[in-house]
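Engineer: Provided herewith is a single structure, encoded as structure tokens, for subsequent inquiry.
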Amino acid sequence: MSTNSPIIGLTSAEVEERKRQGLVNDIDLSSSRSLADIIKSNFLSVANVALLLIVAVLLILGKVPEALATGGVVVVNVFLGAFQEYRAKIKLDRIALLTRPKVRVIRDGQEIEIAQNEVVVGDAIVLQAGDQAVVDGRLVKDPRTDAPPKRVDMDESLLTGESDLIPKYPGDEILSGSFCVSGSGIFIAEKVGNEAFAQKLTVGARKYTVTLTPLQKQISILVRLLVVVALSIAALLWLQSAYTEKDFGTTVEDTAVTVSLIPQGLLLMITVSYALGALRIANKGALVQQSNAVESISHVDILCLDKTGTLTTNRILFHDIHPLGDHTRDELQRLLGDYIASVNKDNRTAEAIAEALAGTKYTYIQNIPFSSARKWSAASFDNEVYCGTYVLGASGMMFKEFAYQALEDELAKKGLRVLVFAHTDHIIRDVPDDREPELPPDLKPLCLVSLSDELRPNVNEVLSQFRQAGITLKLISGDNPTTVAALAYQAGFHSDEKAISGMELAQMGRSEFEQAVDENTIFGRITPQQKEAIVEVLRRKRHYVAMMGDGVNDVLSLKKAHVGIAMEDGSQATRSIADIILLGNKFEALPYAFMEGQRILNAMNDVTRLFLTRTFYTIFLIIIAGYIGVSEFPITPLHNFLLTSLPVGIPAFFLTVWARAGQPEDDLISNMTRFVLPAGLSFTFVATFIWVLYRTYGHADVETSRTALTTAGMIGGIWIIMLANQNGGYKIQWHDYRRLALAGVMLLIYVIIMLIGSLRNAFELTTLSLADLAIITLSVSAWAFILDAIWRYELIGRLLIPDYGKDSAPQIQLKVD
């Protein structure tokens, strides 16, 4: 480096002056919604507004208990939900602040790191492979070096959708949001804050917006349908009251029951569960950046990962030089050390060599930086010491036939990375802008360079945890497949798992490529485009794919995967598009994150069954009661409070906490068709039977009939708690002692209410005889055991489908194909 090079960059005084002028990249970096937004979104729903209006009317009418029963749960749920979500938001925001990428700038002649919202106009920003431009600017020649102007390849796909790399030279514009794929340079910030290209492009999306997960979207649609149904029933109730001169207060109570059937708390519970799940995952070392990632990771069945930073620590060590020609080991070490010292050390391989081999820096004529696509780098010299072009890279990409392949394979089988260092007298003077640079002719290999990776100490345990979660691993690397396979087997991959190289894949047609992706577990010498293609094939085959990467070469595949995962020390580009960032590069946090996602979604499936089954049978019961001309409403607000809280609301909380990990098998549609509708419809007949039995044939008074119906709903809800566990196959979970205890406690609370006169009267219940209790208990229990038998022995399938359950392997095989 020249000692009299001009200093580039602003002084501290110039920076302060520009901050005073407002020429600073002052943008809103918040990634979550404010407390006001949380409270507003939780309170302002159609159901909540309608219920609060009804509460106000009930209070005006002096019906305080009914008002509390109608609105109390809503208010408590909303406040608890908002509190939990805000608490999680505060902690997640603090963690996210620590992981925000820094920007390297030159100020006062020194290279320093600053936050991206501290960049000012005129800052000299250092750009290296993997860095994302945070402001607009113009590339300049680095005046600190005498080397020729450098080419920088930029990926603007996040801005334009085009994946072709754009070569940039001094004087060319650098757009915010683009990221550097290869090369390095300096650009001067020109447009910052809201004037930057990326900010203008996303002007409508800069404020945090809630992205609904698939489950939330399905629940939201269902809730809207139930809103329509509930409001329609409420409208009919008011029409009925107008024609029958029904008491105004009673009609308001009936309306309160109808509107409260909308399972608004279900959406709230899902939102809060995801927020708390993200917090638990963050506490284990994985930051969830996208709200839908908590749900998405629960569906993952294939994880694609590179060995660096996952099987191995994120450190590469120089191992040895293996001479191939007339040069001595000392000569080759000096030559390789000088080569690395003269070019940019913009990857871990170059850093490892530079750390082991000191060298002298020489000015090059042309430099081609390393690229994951071509897997080699080169530099041309023409001075008194070195003349010609030196190339360092993968032998398979540099030579069609490599004479020293046996030696390379021997080293690779030991788990070593192997590169070839070669020379030619040909000098590269110009690099094309419109295509990838080509290797110079007449390359002669000088030596093999071996480097070692260090396996993580707990890698076997982590891989075992992935298998426990039902997740298949695909190891995809740019290294020699023999090296990757050797390390994979040491780490705990099975020795019968197959490996294949990117060169072999490149020769295949589409069907062969897809078959190779299916059959192989270990992939070596893979280009970024091939990584993306592998992920795309897995997605086409209906797999839910997570992709893990840390380098700029992983960006394409991370974008293609359902879930993108990046290391905290990874490039800015990968972190900016990843759904999850592993804090402190803790690979061991990932299995927990997957299992936590599975646990949460399984919990939501259980909770959905409780909420919707109760909602559906109550709606059906109200419709049937109206159809058969029963003048009295079967349920009051106080009874509805009991049936909402004891068999649904309180158990839902515990079932969420107790849920287990495991691949979720049900979505909302499956829940509806396989559990909610069968259970809800069949229980409607039981509840109708009891209502009609007491009200019509038994000539019981309204209070006794309602008490009988509430008791039946309570016992039915207890049985639903025991049945609503898909992991048990929708069978009564006698072996689940926690569910048994929960159901017993809820039933005990109801029994206490019935036994204590003041409590019984407060909830508008009356005493029932032992004969009444026996009839109700036997009727509801018979219903539960019939459902259990239908699901346990698959009776519907056996009745409707001939030869159901018999061996039909050929048909199954055809179906799979």
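Ligands are numbered from 1 in the order shown, residues from 1 within each chain, and chains are lettered A, B, ... in the order they appear in the structure tokens.
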Near Arg760 of chain A, within 12 Å and counting only C-alpha atoms, which residues show up once chain neighbours fewer than 3 positions away are dropped, as a list of chain:residue names?

Structural biologist: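 Listed by chain and then number, they are A:Leu638, A:His639, A:Leu642, A:Glu703, A:Thr707, A:Ile749, A:Tyr750, A:Val751, A:Ile752, A:Ile753, A:Met754, A:Leu755, A:Ile756, A:Gly757, A:Phe763, A:Glu764, A:Leu765, A:Thr766, A:Thr767, A:Leu768.
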
Engineer: Write to file, as a PDB file, in the first residue's frame, the residues of the selection just made, with C-alpha atoms.

Structural biologist:
ATOM      1  CA  LEU A 638     -74.508 -17.093  32.668  1.00  0.00           C
ATOM      2  CA  HIS A 639     -74.797 -20.688  31.434  1.00  0.00           C
ATOM      3  CA  LEU A 642     -69.754 -21.661  32.344  1.00  0.00           C
ATOM      4  CA  GLU A 703     -84.826 -23.305  34.671  1.00  0.00           C
ATOM      5  CA  THR A 707     -79.791 -26.702  33.998  1.00  0.00           C
ATOM      6  CA  ILE A 749     -65.644 -27.044  39.913  1.00  0.00           C
ATOM      7  CA  TYR A 750     -69.035 -27.510  38.253  1.00  0.00           C
ATOM      8  CA  VAL A 751     -70.102 -29.959  40.972  1.00  0.00           C
ATOM      9  CA  ILE A 752     -69.103 -27.424  43.658  1.00  0.00           C
ATOM     10  CA  ILE A 753     -71.151 -24.731  41.909  1.00  0.00           C
ATOM     11  CA  MET A 754     -74.150 -27.082  41.846  1.00  0.00           C
ATOM     12  CA  LEU A 755     -73.756 -28.045  45.524  1.00  0.00           C
ATOM     13  CA  ILE A 756     -73.382 -24.524  46.950  1.00  0.00           C
ATOM     14  CA  GLY A 757     -76.740 -22.788  46.856  1.00  0.00           C
ATOM     15  CA  PHE A 763     -75.493 -18.877  37.721  1.00  0.00           C
ATOM     16  CA  GLU A 764     -79.282 -19.381  37.425  1.00  0.00           C
ATOM     17  CA  LEU A 765     -79.048 -23.131  37.941  1.00  0.00           C
ATOM     18  CA  THR A 766     -81.352 -25.399  39.916  1.00  0.00           C
ATOM     19  CA  THR A 767     -80.956 -28.749  41.614  1.00  0.00           C
ATOM     20  CA  LEU A 768     -81.289 -31.957  39.657  1.00  0.00           C
TER      21      LEU A 768
END

Engineer: Can you work out which one of A:Lys531, A:Arg348, A:His426, A:His735 has the shortest atom-to-atom distance to Gly478 of chain A, counting only C-alpha atoms?

Structural biologist: A:Lys531

Engineer: Could you name the residues that touch Val294 of chain A at 7 Å or less, counting only C-alpha atoms, but leaving out those on the same chain fewer than 5 positions away, as a list of chain:residue names?

Structural biologist: A:Tyr274, A:Ala278, A:Gly597

Engineer: Emit the selected residues as a CSV table (one decimal), in the first residue's frame, including all heavy atoms.

Structural biologist:
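For reference, result_3.csv as written:
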chain,number,residue,atom,x,y,z
A,274,TYR,N,-48.0,-17.8,19.3
A,274,TYR,CA,-46.9,-17.6,18.3
A,274,TYR,C,-45.9,-16.6,18.9
A,274,TYR,O,-44.7,-16.8,18.8
A,274,TYR,CB,-47.4,-17.2,17.0
A,274,TYR,CG,-48.1,-18.3,16.2
A,274,TYR,CD1,-48.7,-18.0,15.0
A,274,TYR,CD2,-48.1,-19.6,16.6
A,274,TYR,CE1,-49.4,-19.0,14.2
A,274,TYR,CE2,-48.8,-20.6,15.9
A,274,TYR,CZ,-49.4,-20.3,14.7
A,274,TYR,OH,-50.0,-21.2,14.0
A,278,ALA,N,-42.1,-17.7,19.8
A,278,ALA,CA,-41.0,-17.0,19.2
A,278,ALA,C,-40.0,-16.5,20.4
A,278,ALA,O,-38.8,-16.6,20.2
A,278,ALA,CB,-41.4,-15.8,18.4
A,597,GLY,N,-42.0,-25.2,17.3
A,597,GLY,CA,-43.0,-24.9,16.3
A,597,GLY,C,-44.0,-26.1,16.1
A,597,GLY,O,-45.3,-25.8,16.1

Engineer: Return the single residue from A:Glu355, A:Phe641, A:Ala712, A:Leu742 that is closest to Leu68 of chain A, with distances computed using only C-alpha atoms.

Structural biologist: A:Phe641

Engineer: What does the structure give for the distance between atom CA of Lys191 of chain A and atom CA of Leu23 of chain A, in Å to one decimal?

Structural biologist: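 Computed distance, atom CA of Lys191 of chain A to atom CA of Leu23 of chain A, equals 8.6 Å.
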
Engineer: Write out as CSV the residues of segment 530-603 of chain A that have any atom within 10 Å of an atom of segment 149-155 of chain A, one row each with the nearest atom pair and its distance in Å to one decimal, counting only C-alpha atoms, sorted by chain and then rising number.

Structural biologist:
residue,atom,partner,partner_atom,distance
A:Val552,CA,A:Asp155,CA,9.7
A:Val555,CA,A:Asp155,CA,9.9
A:Ala573,CA,A:Asp155,CA,9.8

Engineer: Atom CA of Ile718 of chain A and atom CA of Pro634 of chain A, how far apart in Å?

Structural biologist: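 A separation of 19.9 Å between them.
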
Engineer: Pick out each residue of segment 549-764 of chain A that DSSP on the backbone tags as strand (DSSP E); I need them as an MDAnalysis selection string.

Structural biologist: chainID A and resid 549 563:567 580:582

Engineer: Would you mind reading off the distance between atom CA of Glu66 of chain A and atom CA of Thr710 of chain A, one decimal, in Å?

Structural biologist: 15.9 Å

Engineer: Between A:Ala743, A:Leu10, A:Ala491, A:Ile297, which is the closest to Ala469 of chain A once you count only C-alpha atoms?

Structural biologist: A:Ile297

Engineer: Kindly indicate which residue among A:Glu504, A:Asp382, A:Glu156, A:Glu111 lies nearest to Gly396 of chain A, using only C-alpha atoms for the distances.

Structural biologist: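 Looking at the shortest contact to Gly396 of chain A, the residue is A:Glu504.
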
Engineer: What's around Ser477 of chain A at 8 Å? Count only C-alpha atoms, leave out sequence neighbours fewer than 5 positions away in its own chain, and write the answer as a list in words.

Structural biologist: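 In the requested form, the answer reads Leu305, Asp306, Lys307, Val484, Phe523, Gly524, Arg525 and Ile526 of chain A.
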
Engineer: Pick out the closest residue to Gln216 of chain A from this set: A:Glu253, A:Asp330, A:Glu190, A:Glu295. Count only C-alpha atoms.

Structural biologist: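 Looking only at the distances to Gln216 of chain A, the closest residue turns out to be A:Glu295.
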
Engineer: Could you name the residues that touch Thr684 of chain A at 8 Å or less, counting only C-alpha atoms, but leaving out those on the same chain fewer than 6 positions away, as a VMD selection string?

Structural biologist: chain A and resid 617 to 618 620 to 621

Engineer: Kindly save the residues from that selection, with C-alpha atoms included, as an mmCIF file, in the first residue's frame.

Structural biologist:
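Wrote it out as selection.cif, contents follow:
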data_model
loop_
_atom_site.group_PDB
_atom_site.id
_atom_site.type_symbol
_atom_site.label_atom_id
_atom_site.label_comp_id
_atom_site.auth_asym_id
_atom_site.auth_seq_id
_atom_site.Cartn_x
_atom_site.Cartn_y
_atom_site.Cartn_z
ATOM 1 C CA TYR A 617 -73.109 -27.720 18.524
ATOM 2 C CA THR A 618 -74.448 -24.576 20.227
ATOM 3 C CA PHE A 620 -77.005 -26.147 15.667
ATOM 4 C CA LEU A 621 -78.904 -26.408 18.956
#

Engineer: Considering only C-alpha atoms, can you say which of A:Ser779, A:Gln507, A:Thr328, A:Asn480 comes closest to Val686 of chain A?

Structural biologist: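 Nearest to Val686 of chain A: A:Ser779.
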
Engineer: Give me every alpha helix (DSSP H) residue in segment 466-623 of chain A, going by DSSP on the backbone, as a PyMOL selection string.

Structural biologist: chain A and resi 466-468+481-491+502-506+510-519+528-540+555-560+572-577+589-623

Engineer: Give me, as a ChimeraX atom specification, all polymer residues having an atom no more than 7 Å from Ala603 of chain A, counting only C-alpha atoms and skipping those fewer than 5 positions away in the same chain.

Structural biologist: /A:655-656,659

Engineer: So which residues touch Tyr592 of chain A within 9 Å, counting only C-alpha atoms, skipping near sequence neighbours fewer than 6 positions away, as an NGL selection string?

Structural biologist: :A and (281 or 284 or 465-466)

Engineer: Convert the current residue selection to file output with N, CA and C atoms, as a JSON list (two decimals), in the first residue's frame.

Structural biologist:
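The new file part02.json reads:
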[["chain", "number", "residue", "atom", "x", "y", "z"],
["A", 281, "ILE", "N", -38.20, -19.62, 21.67],
["A", 281, "ILE", "CA", -37.18, -20.02, 20.69],
["A", 281, "ILE", "C", -35.99, -19.07, 20.76],
["A", 284, "LYS", "N", -33.62, -19.74, 23.48],
["A", 284, "LYS", "CA", -32.76, -20.90, 23.21],
["A", 284, "LYS", "C", -31.68, -20.59, 22.18],
["A", 465, "GLN", "N", -31.49, -35.23, 17.39],
["A", 465, "GLN", "CA", -32.69, -34.46, 17.73],
["A", 465, "GLN", "C", -33.52, -34.14, 16.48],
["A", 466, "PHE", "N", -32.84, -33.88, 15.36],
["A", 466, "PHE", "CA", -33.56, -33.66, 14.11],
["A", 466, "PHE", "C", -34.36, -34.91, 13.73]]
